[in-house]
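Coordinates as given in work.tsv (TSV, C-alpha atoms):
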chain	number	residue	atom	x	y	z
E	860	MET	CA	-7.94	12.40	-12.64
E	861	ALA	CA	-4.59	12.95	-14.32
E	862	SER	CA	-3.14	15.27	-11.73
E	863	VAL	CA	-3.73	16.52	-8.21
E	864	ASP	CA	-6.99	18.44	-7.79
E	865	PRO	CA	-6.24	22.20	-7.99
E	866	ALA	CA	-8.23	22.64	-4.79
E	867	LEU	CA	-5.41	20.92	-2.97
E	868	THR	CA	-3.17	23.93	-3.52
E	869	ARG	CA	-5.56	26.36	-1.86
E	870	PRO	CA	-4.97	27.22	1.82
E	871	ARG	CA	-7.64	26.09	4.23
E	872	VAL	CA	-8.92	27.80	7.35
E	873	ALA	CA	-6.76	26.83	10.33
E	874	ASP	CA	-9.67	25.84	12.57
E	875	VAL	CA	-10.71	22.97	10.28
E	876	THR	CA	-7.44	21.07	10.65
E	877	LEU	CA	-7.97	17.36	10.03
E	878	ARG	CA	-5.67	14.68	11.41
E	879	VAL	CA	-4.83	11.86	8.96
E	880	THR	CA	-2.56	8.97	9.91
E	881	ALA	CA	-0.85	7.33	6.94
E	882	PHE	CA	0.29	3.71	7.01
E	883	GLY	CA	2.68	1.83	4.72
E	884	CYS	CA	4.46	4.91	3.38
E	885	ASP	CA	7.66	4.76	1.36
E	886	ALA	CA	10.11	7.56	2.10
E	887	ASP	CA	9.04	9.62	-0.92
E	888	GLU	CA	5.36	9.17	-0.07
E	889	ALA	CA	5.98	10.34	3.48
E	890	ALA	CA	7.93	13.37	2.28
E	891	LEU	CA	5.17	14.38	-0.13
E	892	LEU	CA	2.47	13.90	2.51
E	893	ARG	CA	4.36	16.19	4.87
E	894	ALA	CA	4.86	18.77	2.13
E	895	LEU	CA	1.23	18.88	0.97
E	896	ALA	CA	-0.60	18.51	4.25
E	897	PRO	CA	0.04	21.87	5.99
E	898	GLY	CA	-1.34	23.95	3.14
E	899	LEU	CA	-4.51	21.87	3.17
E	900	GLY	CA	-5.23	22.17	6.85
E	901	VAL	CA	-4.25	18.53	7.37
E	902	ASP	CA	-2.14	17.24	10.24
E	903	ALA	CA	-0.42	14.28	8.54
E	904	VAL	CA	0.97	11.68	10.90
E	905	ILE	CA	3.26	9.08	9.33
E	906	ALA	CA	2.89	5.79	11.19
E	907	SER	CA	6.24	4.27	12.04
E	908	ALA	CA	5.18	0.69	11.31
E	909	SER	CA	2.62	-1.48	9.53
E	910	LEU	CA	-1.05	-1.29	10.43
E	911	ASP	CA	-0.71	-4.38	12.66
E	912	ALA	CA	2.20	-2.94	14.59
E	913	ALA	CA	1.05	0.68	14.73
E	914	MET	CA	-2.60	0.28	15.66
E	915	ASN	CA	-1.79	1.64	19.11
E	916	GLU	CA	-0.62	4.92	17.52
E	917	LEU	CA	-4.22	5.82	16.68
E	918	THR	CA	-5.97	8.44	18.78
E	919	PRO	CA	-9.63	9.53	19.04
E	920	GLU	CA	-8.75	12.21	16.46
E	921	ASP	CA	-7.96	9.57	13.82
E	922	ARG	CA	-11.29	9.39	12.06
E	923	CYS	CA	-9.51	9.19	8.69
E	924	ILE	CA	-6.52	7.05	7.78
E	925	SER	CA	-4.58	6.57	4.53
E	926	VAL	CA	-3.23	3.12	3.55
E	927	SER	CA	-1.23	1.60	0.71
E	928	HIS	CA	-2.11	-1.39	-1.46
E	929	HIS	CA	0.81	-3.34	0.02
E	930	GLU	CA	-1.10	-4.38	3.11
E	931	SER	CA	-4.20	-6.56	3.43
E	932	ILE	CA	-6.83	-5.05	5.71
E	933	THR	CA	-8.93	-7.84	7.14
E	934	ALA	CA	-12.06	-8.01	9.26
E	935	HIS	CA	-9.77	-8.22	12.31
E	936	HIS	CA	-8.09	-4.92	11.39
E	937	LEU	CA	-11.41	-3.27	10.61
E	938	ASP	CA	-12.93	-4.29	13.94
E	939	ALA	CA	-9.97	-2.73	15.74
E	940	LEU	CA	-10.06	0.40	13.60
E	941	SER	CA	-13.78	0.84	14.17
E	942	ALA	CA	-13.32	0.43	17.92
E	943	ALA	CA	-10.59	3.11	17.78
E	944	GLY	CA	-13.01	5.53	16.12
E	945	VAL	CA	-11.82	5.33	12.49
E	946	ARG	CA	-14.66	6.08	10.09
E	947	TYR	CA	-12.87	6.52	6.76
E	948	ILE	CA	-10.06	4.65	4.97
E	949	SER	CA	-8.50	6.20	1.88
E	950	THR	CA	-6.38	3.67	0.00
E	951	ARG	CA	-3.60	5.14	-2.12
E	952	SER	CA	-4.55	2.83	-5.00
E	953	ILE	CA	-7.24	2.33	-7.60
E	954	GLY	CA	-8.10	-1.18	-6.43
E	955	THR	CA	-9.75	-1.97	-3.10
E	956	ASP	CA	-9.40	-5.76	-3.25
E	957	HIS	CA	-6.86	-5.67	-0.39
E	958	ILE	CA	-9.59	-4.36	1.94
E	959	ASP	CA	-12.58	-6.33	3.19
E	960	VAL	CA	-14.97	-3.64	1.94
E	961	VAL	CA	-18.10	-5.57	2.91
E	962	HIS	CA	-16.97	-5.87	6.52
E	963	ALA	CA	-15.87	-2.23	6.53
E	964	GLU	CA	-19.41	-1.16	5.68
E	965	ARG	CA	-20.73	-3.51	8.34
E	966	VAL	CA	-18.67	-1.80	11.06
E	967	GLY	CA	-19.37	1.73	9.84
E	968	ILE	CA	-16.17	2.50	7.94
E	969	GLU	CA	-16.30	4.07	4.49
E	970	VAL	CA	-13.58	3.11	1.99
E	971	GLY	CA	-12.38	5.40	-0.79
E	972	ASN	CA	-9.85	4.81	-3.56
E	973	VAL	CA	-7.86	7.28	-5.66
E	974	SER	CA	-7.36	8.00	-9.32
E	975	TYR	CA	-3.89	8.67	-10.65
E	976	SER	CA	-2.11	9.17	-13.93
E	977	PRO	CA	-3.25	6.30	-16.22
E	978	GLY	CA	-0.13	6.91	-18.29
E	979	SER	CA	2.05	5.31	-15.63
E	980	VAL	CA	0.47	1.87	-16.06
E	981	ALA	CA	-0.30	2.29	-19.76
E	982	ASP	CA	3.33	3.10	-20.63
E	983	TYR	CA	4.53	0.14	-18.59
E	984	THR	CA	2.01	-2.16	-20.26
E	985	LEU	CA	3.30	-1.27	-23.72
E	986	MET	CA	6.87	-1.79	-22.53
E	987	LEU	CA	6.01	-5.29	-21.29
E	988	MET	CA	4.29	-6.12	-24.58
E	989	LEU	CA	7.32	-5.04	-26.60
E	990	MET	CA	9.79	-6.80	-24.32
E	991	THR	CA	7.89	-10.07	-24.65
E	992	LEU	CA	7.32	-9.82	-28.39
E	993	ARG	CA	11.02	-9.03	-29.00
E	994	HIS	CA	12.44	-11.64	-26.56
E	995	ALA	CA	14.11	-8.83	-24.61
E	996	ARG	CA	14.59	-10.78	-21.40
E	997	SER	CA	16.63	-13.54	-23.07
E	998	MET	CA	18.59	-11.09	-25.22
E	999	ILE	CA	19.56	-8.88	-22.27
E	1000	ARG	CA	20.60	-11.83	-20.13
E	1001	ARG	CA	22.76	-13.18	-22.94
E	1002	THR	CA	24.38	-9.82	-23.55
E	1003	HIS	CA	25.27	-9.51	-19.87
E	1004	GLU	CA	27.19	-12.75	-20.29
E	1005	HIS	CA	28.90	-11.45	-23.49
E	1006	ASP	CA	26.84	-13.71	-25.75
E	1007	TYR	CA	25.93	-11.42	-28.65
E	1008	ARG	CA	24.12	-13.91	-30.87
E	1009	LEU	CA	20.60	-13.11	-32.06
E	1010	HIS	CA	17.65	-14.87	-30.51
E	1011	GLU	CA	16.62	-18.15	-32.12
E	1012	GLU	CA	13.21	-16.71	-33.02
E	1013	ARG	CA	12.52	-13.42	-34.75
E	1014	GLY	CA	10.42	-10.89	-32.90
E	1015	ARG	CA	6.96	-9.68	-33.91
E	1016	GLU	CA	5.77	-6.12	-34.57
E	1017	LEU	CA	2.74	-4.70	-32.76
E	1018	GLY	CA	1.43	-3.18	-35.97
E	1019	ASP	CA	0.97	-6.66	-37.42
E	1020	LEU	CA	-0.94	-8.00	-34.44
E	1021	THR	CA	-4.40	-8.06	-32.90
E	1022	VAL	CA	-4.48	-6.93	-29.27
E	1023	GLY	CA	-7.38	-7.82	-26.98
E	1024	VAL	CA	-7.89	-5.25	-24.19
E	1025	VAL	CA	-9.91	-6.56	-21.25
E	1026	GLY	CA	-11.15	-3.59	-19.23
E	1027	THR	CA	-11.58	-0.20	-20.91
E	1028	GLY	CA	-11.55	2.18	-17.95
E	1029	ARG	CA	-9.02	5.00	-17.66
E	1030	ILE	CA	-5.98	2.72	-17.84
E	1031	GLY	CA	-7.36	0.38	-20.50
E	1032	SER	CA	-8.37	3.38	-22.61
E	1033	ALA	CA	-4.88	4.88	-22.25
E	1034	VAL	CA	-3.41	1.57	-23.46
E	1035	ILE	CA	-5.77	1.64	-26.46
E	1036	ASP	CA	-4.65	5.19	-27.32
E	1037	ARG	CA	-1.02	4.05	-27.36
E	1038	LEU	CA	-1.76	0.92	-29.38
E	1039	ARG	CA	-3.39	3.03	-32.10
E	1040	GLY	CA	-0.01	4.68	-32.64
E	1041	PHE	CA	1.49	1.27	-33.44
E	1042	GLY	CA	-1.30	0.45	-35.91
E	1043	SER	CA	-2.52	-2.63	-34.01
E	1044	ARG	CA	-5.96	-4.09	-34.58
E	1045	ILE	CA	-7.74	-3.63	-31.23
E	1046	LEU	CA	-10.50	-5.76	-29.73
E	1047	THR	CA	-12.14	-4.84	-26.41
E	1048	LEU	CA	-14.17	-6.40	-23.64
E	1049	ASP	CA	-15.60	-4.70	-20.56
E	1050	ALA	CA	-18.53	-6.02	-18.55
E	1051	ARG	CA	-19.14	-2.51	-17.15
E	1052	ARG	CA	-19.39	-0.83	-20.56
E	1053	THR	CA	-21.13	-1.76	-23.80
E	1054	GLY	CA	-20.91	-0.40	-27.30
E	1055	ALA	CA	-17.19	0.40	-27.24
E	1056	PRO	CA	-15.40	0.27	-30.62
E	1057	GLY	CA	-13.98	-3.18	-31.27
E	1058	GLU	CA	-16.10	-4.82	-28.57
E	1059	VAL	CA	-16.38	-8.61	-28.94
E	1060	PRO	CA	-17.41	-11.54	-26.73
E	1061	LEU	CA	-14.69	-13.09	-24.56
E	1062	ASP	CA	-14.54	-16.28	-26.65
E	1063	GLU	CA	-13.78	-14.31	-29.81
E	1064	LEU	CA	-11.23	-12.09	-28.08
E	1065	LEU	CA	-9.40	-15.17	-26.78
E	1066	ARG	CA	-9.50	-16.95	-30.13
E	1067	VAL	CA	-8.39	-14.04	-32.33
E	1068	SER	CA	-5.96	-11.99	-30.21
E	1069	ASP	CA	-2.19	-12.26	-30.53
E	1070	VAL	CA	-1.78	-10.25	-27.31
E	1071	ILE	CA	-4.25	-10.11	-24.42
E	1072	THR	CA	-3.76	-7.33	-21.88
E	1073	LEU	CA	-5.74	-7.21	-18.62
E	1074	HIS	CA	-7.04	-3.98	-17.05
E	1075	ALA	CA	-10.18	-5.17	-15.25
E	1076	PRO	CA	-10.79	-4.80	-11.51
E	1077	LEU	CA	-10.58	-7.93	-9.38
E	1078	THR	CA	-14.06	-9.02	-8.30
E	1079	ALA	CA	-15.77	-12.33	-7.61
E	1080	GLU	CA	-16.82	-12.37	-11.28
E	1081	THR	CA	-13.37	-11.62	-12.73
E	1082	ARG	CA	-11.29	-13.86	-10.43
E	1083	HIS	CA	-9.48	-16.39	-12.68
E	1084	LEU	CA	-11.05	-14.80	-15.74
E	1085	LEU	CA	-8.22	-16.48	-17.62
E	1086	ASP	CA	-8.43	-20.05	-16.32
E	1087	ALA	CA	-7.31	-23.32	-17.92
E	1088	ALA	CA	-10.31	-23.42	-20.25
E	1089	SER	CA	-9.84	-19.80	-21.35
E	1090	ILE	CA	-6.12	-20.25	-21.95
E	1091	ALA	CA	-6.82	-23.37	-24.03
E	1092	ARG	CA	-8.89	-21.23	-26.43
E	1093	MET	CA	-6.00	-18.84	-27.09
E	1094	LYS	CA	-3.54	-19.01	-29.97
E	1095	ALA	CA	-0.48	-21.15	-29.29
E	1096	ASP	CA	1.81	-18.14	-29.88
E	1097	ALA	CA	-0.34	-15.59	-28.01
E	1098	ILE	CA	1.06	-13.62	-25.08
E	1099	ILE	CA	-0.70	-12.46	-21.92
E	1100	VAL	CA	0.12	-9.14	-20.23
E	1101	ASN	CA	-1.21	-8.40	-16.74
E	1102	THR	CA	-0.69	-5.07	-15.00
E	1103	ALA	CA	-4.01	-5.17	-13.12
E	1104	ARG	CA	-4.39	-7.84	-10.42
E	1105	GLY	CA	-2.69	-11.22	-10.19
E	1106	ALA	CA	-5.80	-13.25	-9.45
E	1107	LEU	CA	-7.36	-12.34	-12.81
E	1108	ILE	CA	-5.27	-15.29	-14.03
E	1109	ASP	CA	-5.20	-18.87	-12.76
E	1110	THR	CA	-1.41	-18.76	-12.50
E	1111	VAL	CA	-0.95	-22.51	-12.14
E	1112	ALA	CA	-2.88	-23.04	-15.38
E	1113	LEU	CA	-0.80	-20.30	-17.03
E	1114	ILE	CA	2.48	-21.90	-15.95
E	1115	GLU	CA	1.38	-25.30	-17.22
E	1116	ALA	CA	0.44	-23.84	-20.61
E	1117	LEU	CA	3.79	-22.05	-20.87
E	1118	GLU	CA	5.77	-25.12	-19.82
E	1119	GLU	CA	3.94	-27.25	-22.39
E	1120	GLY	CA	4.46	-24.73	-25.21
E	1121	ARG	CA	0.76	-23.90	-25.56
E	1122	LEU	CA	1.37	-20.13	-25.18
E	1123	GLY	CA	3.88	-17.74	-26.68
E	1124	GLY	CA	4.73	-15.94	-23.44
E	1125	ALA	CA	3.56	-13.79	-20.56
E	1126	ALA	CA	4.48	-10.46	-18.99
E	1127	LEU	CA	3.26	-10.14	-15.42
E	1128	ASP	CA	3.59	-7.13	-13.13
E	1129	VAL	CA	1.16	-8.66	-10.62
E	1130	LEU	CA	0.92	-12.14	-9.16
E	1131	GLU	CA	-1.50	-14.15	-7.05
E	1132	GLU	CA	1.14	-14.84	-4.39
E	1133	GLU	CA	2.75	-11.38	-4.37
E	1134	THR	CA	1.80	-10.48	-0.78
E	1135	GLY	CA	4.84	-11.05	1.40
E	1136	LEU	CA	7.04	-11.58	-1.65
E	1137	PHE	CA	6.99	-8.35	-3.64
E	1138	TYR	CA	8.60	-5.21	-2.17
E	1139	ALA	CA	11.21	-7.23	-0.25
E	1140	ASP	CA	14.76	-8.38	-1.04
E	1141	HIS	CA	14.83	-12.17	-1.38
E	1142	SER	CA	18.11	-12.30	-3.30
E	1143	GLY	CA	19.75	-14.33	-0.55
E	1144	ASP	CA	16.96	-16.90	-0.75
E	1145	HIS	CA	17.30	-17.77	-4.44
E	1146	THR	CA	18.63	-21.27	-3.78
E	1147	SER	CA	16.14	-22.13	-1.05
E	1148	ALA	CA	13.36	-24.59	-1.83
E	1149	PRO	CA	10.48	-22.36	-0.62
E	1150	ILE	CA	11.35	-19.58	-3.07
E	1151	GLU	CA	11.95	-21.97	-5.97
E	1152	THR	CA	8.55	-23.60	-5.52
E	1153	THR	CA	6.55	-20.36	-5.40
E	1154	LEU	CA	4.69	-19.20	-8.49
E	1155	ALA	CA	7.33	-16.50	-8.92
E	1156	GLY	CA	10.09	-19.10	-8.72
E	1157	ARG	CA	8.48	-21.28	-11.37
E	1158	LEU	CA	7.83	-18.30	-13.64
E	1159	ARG	CA	11.41	-17.08	-13.28
E	1160	ASP	CA	12.70	-20.28	-14.87
E	1161	LEU	CA	10.64	-19.78	-18.05
E	1162	PRO	CA	12.59	-17.88	-20.76
E	1163	ASN	CA	9.44	-16.42	-22.35
E	1164	VAL	CA	8.18	-14.75	-19.16
E	1165	VAL	CA	8.85	-11.19	-17.97
E	1166	LEU	CA	8.08	-10.74	-14.27
E	1167	SER	CA	8.21	-7.47	-12.32
E	1168	PRO	CA	7.13	-6.62	-8.75
E	1169	HIS	CA	3.87	-4.66	-9.10
E	1170	SER	CA	5.70	-1.55	-10.24
E	1171	ALA	CA	3.69	-0.26	-13.23
E	1172	TYR	CA	2.23	2.55	-11.10
E	1173	PHE	CA	5.65	3.60	-9.76
E	1174	THR	CA	6.22	7.05	-11.30
E	1175	ASP	CA	6.68	10.51	-9.82
E	1176	HIS	CA	3.51	11.74	-11.54
E	1177	ALA	CA	1.40	8.90	-10.15
E	1178	LEU	CA	2.88	9.46	-6.68
E	1179	ARG	CA	1.75	13.09	-6.63
E	1180	ASP	CA	-1.73	12.04	-7.70
E	1181	MET	CA	-2.03	9.21	-5.19
E	1182	VAL	CA	-0.87	11.21	-2.19
E	1183	GLY	CA	-2.74	14.38	-3.09
E	1184	ASN	CA	-5.99	12.64	-3.91
E	1185	SER	CA	-5.81	10.47	-0.80
E	1186	LEU	CA	-5.69	13.64	1.31
E	1187	ASN	CA	-8.45	15.10	-0.82
E	1188	ASN	CA	-10.63	12.05	-0.12
E	1189	CYS	CA	-10.17	12.53	3.61
E	1190	LEU	CA	-10.99	16.24	3.37
E	1191	GLU	CA	-14.14	15.52	1.38
E	1192	PHE	CA	-15.26	12.90	3.90
E	1193	ASP	CA	-14.60	15.32	6.76
E	1194	GLY	CA	-16.53	18.03	4.97
E	1195	ARG	CA	-19.53	15.75	4.53
E	1196	GLN	CA	-19.42	14.81	8.20
E	1197	ARG	CA	-19.23	18.46	9.26
E	1198	GLY	CA	-21.99	19.44	6.86

Same coordinates, now as structure tokens:
Amino acid sequence: MASVDPALTRPRVADVTLRVTAFGCDADEAALLRALAPGLGVDAVIASASLDAAMNELTPEDRCISVSHHESITAHHLDALSAAGVRYISTRSIGTDHIDVVHAERVGIEVGNVSYSPGSVADYTLMLMLMTLRHARSMIRRTHEHDYRLHEERGRELGDLTVGVVGTGRIGSAVIDRLRGFGSRILTLDARRTGAPGEVPLDELLRVSDVITLHAPLTAETRHLLDAASIARMKADAIIVNTARGALIDTVALIEALEEGRLGGAALDVLEEETGLFYADHSGDHTSAPIETTLAGRLRDLPNVVLSPHSAYFTDHALRDMVGNSLNNCLEFDGRQRG
């Protein structure tokens, strides 16, 4: 779904007002929730703290809650939510790997995700590719220090390269559409779909691709899809781009390959250890040993790595979709329960 469902703009009958408590809201998310909710017959309550801290804000009316991808929702949380009467969780994200979905089903809670503008992540993915191929990180850092020399290595053009796209859902397909404009040769792999143009086995995609970009969901089968053995089969000058989920890559194996010069570079918007690190200001901790020894700290020291804090989705268009469709999920669940 590229935009908010038109049904969200239609007034609802006042006597079907649904209460939805939203957790983990940024200020702009909260503002949009408050703006959309009244016209939909939704009483949106913005929790003042994290799910852990605000569990006591729930009331018997809170059958539906909305959560962000920032917070892990464990079996402990789900037991408490179920006991409080929650029956539906709408996550304002595509992925549900931050929620123990199996336990949720066990305790009678349904989990729904949202679709949002695939262009947000697709645009960002292409930006990361280009930054890595053109050594943008090193060049920008030098320029900030008034060093205007060219990089030691020349950049590469996307039109000359083969790009392997792992995962061809809405976001992966949007990346493919953009790559066609650059004239890249495109290979694809998706366990959920067969017969897509350019589809090849994983071994061939790893061996042939100059750029590998990940857009698969994180499951037991895809965890560490790119492990030490997979990375060893890649070209020595290949780059990896990940805007999906950090655990698709064995990050320790990736760092070792980069440090030993067995890979050309990496651009990572997601990281295995991002929980508790991303979305917080650690600038005052940059000299402390704990930060330096994290995966992020080790990656930061590599000149051929671009690292960003899970921000590919962070556009105004995607925000409208996430908030609107999260409310829509709750309304649909409520409608099914009433029906």

Neighbouring residues of E:Ala995 were defined as those with any atom within 12 Å, considering all atoms listed in the file; residues of the same chain fewer than 6 positions away were excluded. Please report them as a PDB file with C-alpha atoms, in the frame of the given file.
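The resulting file, result_39.pdb, is reproduced below:
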ATOM      1  CA  MET E 986       6.870  -1.790 -22.530  1.00  0.00           C
ATOM      2  CA  LEU E 987       6.010  -5.290 -21.290  1.00  0.00           C
ATOM      3  CA  MET E 988       4.290  -6.120 -24.580  1.00  0.00           C
ATOM      4  CA  LEU E 989       7.320  -5.040 -26.600  1.00  0.00           C
ATOM      5  CA  ARG E1001      22.760 -13.180 -22.940  1.00  0.00           C
ATOM      6  CA  THR E1002      24.380  -9.820 -23.550  1.00  0.00           C
ATOM      7  CA  LEU E1009      20.600 -13.110 -32.060  1.00  0.00           C
ATOM      8  CA  HIS E1010      17.650 -14.870 -30.510  1.00  0.00           C
ATOM      9  CA  GLU E1012      13.210 -16.710 -33.020  1.00  0.00           C
ATOM     10  CA  ARG E1013      12.520 -13.420 -34.750  1.00  0.00           C
ATOM     11  CA  GLY E1014      10.420 -10.890 -32.900  1.00  0.00           C
ATOM     12  CA  ARG E1015       6.960  -9.680 -33.910  1.00  0.00           C
ATOM     13  CA  GLY E1124       4.730 -15.940 -23.440  1.00  0.00           C
ATOM     14  CA  ALA E1126       4.480 -10.460 -18.990  1.00  0.00           C
ATOM     15  CA  PRO E1162      12.590 -17.880 -20.760  1.00  0.00           C
ATOM     16  CA  ASN E1163       9.440 -16.420 -22.350  1.00  0.00           C
ATOM     17  CA  VAL E1164       8.180 -14.750 -19.160  1.00  0.00           C
ATOM     18  CA  VAL E1165       8.850 -11.190 -17.970  1.00  0.00           C
TER      19      VAL E1165
END

Atom CA of E:Glu920 to atom CA of E:Ala943 measures 9.4 Å

- prompt: How many Å lie between atom CA of E:Arg922 and atom CA of E:Arg878, rounded to one decimal?
  reply: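 That distance, rounded to one decimal, is 7.7 Å.
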
Judged by all atoms listed in the file, the minimum distance to E:Ile958 among E:Leu1077, E:Val1024, E:Cys923, E:Leu985 is found for E:Leu1077

Box along x, y and z, 5 Å on every side, all listed atoms of stretch 1167-1173 of chain E inside: centre and edge lengths in Å to one decimal, as JSON.
{"center_x": 5.2, "center_y": -1.9, "center_z": -11.0, "size_x": 16.0, "size_y": 21.1, "size_z": 14.5}

**Report entry** Shell around E:Leu1186 at 9 Å using all atoms listed in the file, local window under 2 positions removed, as a PyMOL selection string
**Finding:** chain E and resi 867+879+892+895-896+899+901+903+925+949+1181-1184+1188-1191

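Comparing the minimum interatomic distances between E:His1141 and each of E:Ala1033, E:Ala1050, E:Ala1155, E:Leu1161, counting only C-alpha atoms, we find that E:Ala1155 sits nearest.
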
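Here atom CA of E:Ala981 stands at a distance of 13.1 Å from atom CA of E:His1176.
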
| field | Closest of E:Thr1081, E:Asp982, E:Ala1091, E:Gly1040 to E:Phe1173 - atom-to-atom distances counting all atoms listed in the file | value |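 Once distances to E:Phe1173 are computed over all atoms listed in the file, the minimum belongs to E:Asp982.
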
- Close residues, E:Val980 itself excluded, 7 Å, only C-alpha atoms, min 6 positions apart in chain, as a list in words: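 In the requested form, the answer reads Ile1030, Ala1171 and Tyr1172 of chain E.
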
Quick one: stretch 974-988 of chain E with N, CA, C and O atoms, as a PDB file, in the first residue's frame?
ATOM      1  N   SER E 974       1.867  -1.929   5.823  1.00  0.00           N
ATOM      2  CA  SER E 974       2.616  -1.609   4.612  1.00  0.00           C
ATOM      3  C   SER E 974       2.798  -0.094   4.573  1.00  0.00           C
ATOM      4  O   SER E 974       2.002   0.652   5.137  1.00  0.00           O
ATOM      5  N   TYR E 975       3.880   0.332   3.957  1.00  0.00           N
ATOM      6  CA  TYR E 975       4.112   1.764   3.771  1.00  0.00           C
ATOM      7  C   TYR E 975       4.908   1.973   2.505  1.00  0.00           C
ATOM      8  O   TYR E 975       5.379   1.003   1.886  1.00  0.00           O
ATOM      9  N   SER E 976       5.054   3.208   2.124  1.00  0.00           N
ATOM     10  CA  SER E 976       5.707   3.560   0.872  1.00  0.00           C
ATOM     11  C   SER E 976       7.015   2.807   0.670  1.00  0.00           C
ATOM     12  O   SER E 976       7.978   3.043   1.415  1.00  0.00           O
ATOM     13  N   PRO E 977       7.110   1.891  -0.301  1.00  0.00           N
ATOM     14  CA  PRO E 977       8.381   1.187  -0.530  1.00  0.00           C
ATOM     15  C   PRO E 977       9.466   2.109  -1.051  1.00  0.00           C
ATOM     16  O   PRO E 977      10.655   1.811  -0.940  1.00  0.00           O
ATOM     17  N   GLY E 978       9.062   3.263  -1.587  1.00  0.00           N
ATOM     18  CA  GLY E 978      10.040   4.210  -2.100  1.00  0.00           C
ATOM     19  C   GLY E 978      10.961   4.753  -1.035  1.00  0.00           C
ATOM     20  O   GLY E 978      12.115   5.099  -1.321  1.00  0.00           O
ATOM     21  N   SER E 979      10.495   4.829   0.212  1.00  0.00           N
ATOM     22  CA  SER E 979      11.338   5.355   1.283  1.00  0.00           C
ATOM     23  C   SER E 979      12.602   4.514   1.425  1.00  0.00           C
ATOM     24  O   SER E 979      13.724   5.037   1.413  1.00  0.00           O
ATOM     25  N   VAL E 980      12.445   3.205   1.535  1.00  0.00           N
ATOM     26  CA  VAL E 980      13.594   2.320   1.713  1.00  0.00           C
ATOM     27  C   VAL E 980      14.338   2.123   0.399  1.00  0.00           C
ATOM     28  O   VAL E 980      15.579   2.053   0.375  1.00  0.00           O
ATOM     29  N   ALA E 981      13.616   2.055  -0.702  1.00  0.00           N
ATOM     30  CA  ALA E 981      14.276   1.849  -1.999  1.00  0.00           C
ATOM     31  C   ALA E 981      15.192   3.017  -2.354  1.00  0.00           C
ATOM     32  O   ALA E 981      16.334   2.817  -2.806  1.00  0.00           O
ATOM     33  N   ASP E 982      14.714   4.249  -2.154  1.00  0.00           N
ATOM     34  CA  ASP E 982      15.555   5.425  -2.423  1.00  0.00           C
ATOM     35  C   ASP E 982      16.814   5.393  -1.565  1.00  0.00           C
ATOM     36  O   ASP E 982      17.923   5.653  -2.035  1.00  0.00           O
ATOM     37  N   TYR E 983      16.634   5.072  -0.298  1.00  0.00           N
ATOM     38  CA  TYR E 983      17.751   5.057   0.643  1.00  0.00           C
ATOM     39  C   TYR E 983      18.762   3.976   0.259  1.00  0.00           C
ATOM     40  O   TYR E 983      19.981   4.163   0.362  1.00  0.00           O
ATOM     41  N   THR E 984      18.245   2.836  -0.191  1.00  0.00           N
ATOM     42  CA  THR E 984      19.118   1.741  -0.606  1.00  0.00           C
ATOM     43  C   THR E 984      20.023   2.166  -1.758  1.00  0.00           C
ATOM     44  O   THR E 984      21.233   1.896  -1.748  1.00  0.00           O
ATOM     45  N   LEU E 985      19.435   2.822  -2.753  1.00  0.00           N
ATOM     46  CA  LEU E 985      20.248   3.293  -3.887  1.00  0.00           C
ATOM     47  C   LEU E 985      21.267   4.329  -3.429  1.00  0.00           C
ATOM     48  O   LEU E 985      22.410   4.341  -3.900  1.00  0.00           O
ATOM     49  N   MET E 986      20.879   5.199  -2.497  1.00  0.00           N
ATOM     50  CA  MET E 986      21.820   6.181  -1.974  1.00  0.00           C
ATOM     51  C   MET E 986      23.013   5.491  -1.323  1.00  0.00           C
ATOM     52  O   MET E 986      24.174   5.864  -1.548  1.00  0.00           O
ATOM     53  N   LEU E 987      22.747   4.457  -0.503  1.00  0.00           N
ATOM     54  CA  LEU E 987      23.834   3.747   0.153  1.00  0.00           C
ATOM     55  C   LEU E 987      24.742   3.054  -0.852  1.00  0.00           C
ATOM     56  O   LEU E 987      25.968   3.037  -0.692  1.00  0.00           O
ATOM     57  N   MET E 988      24.148   2.457  -1.882  1.00  0.00           N
ATOM     58  CA  MET E 988      24.962   1.838  -2.937  1.00  0.00           C
ATOM     59  C   MET E 988      25.919   2.849  -3.551  1.00  0.00           C
ATOM     60  O   MET E 988      27.130   2.611  -3.679  1.00  0.00           O
TER      61      MET E 988
END
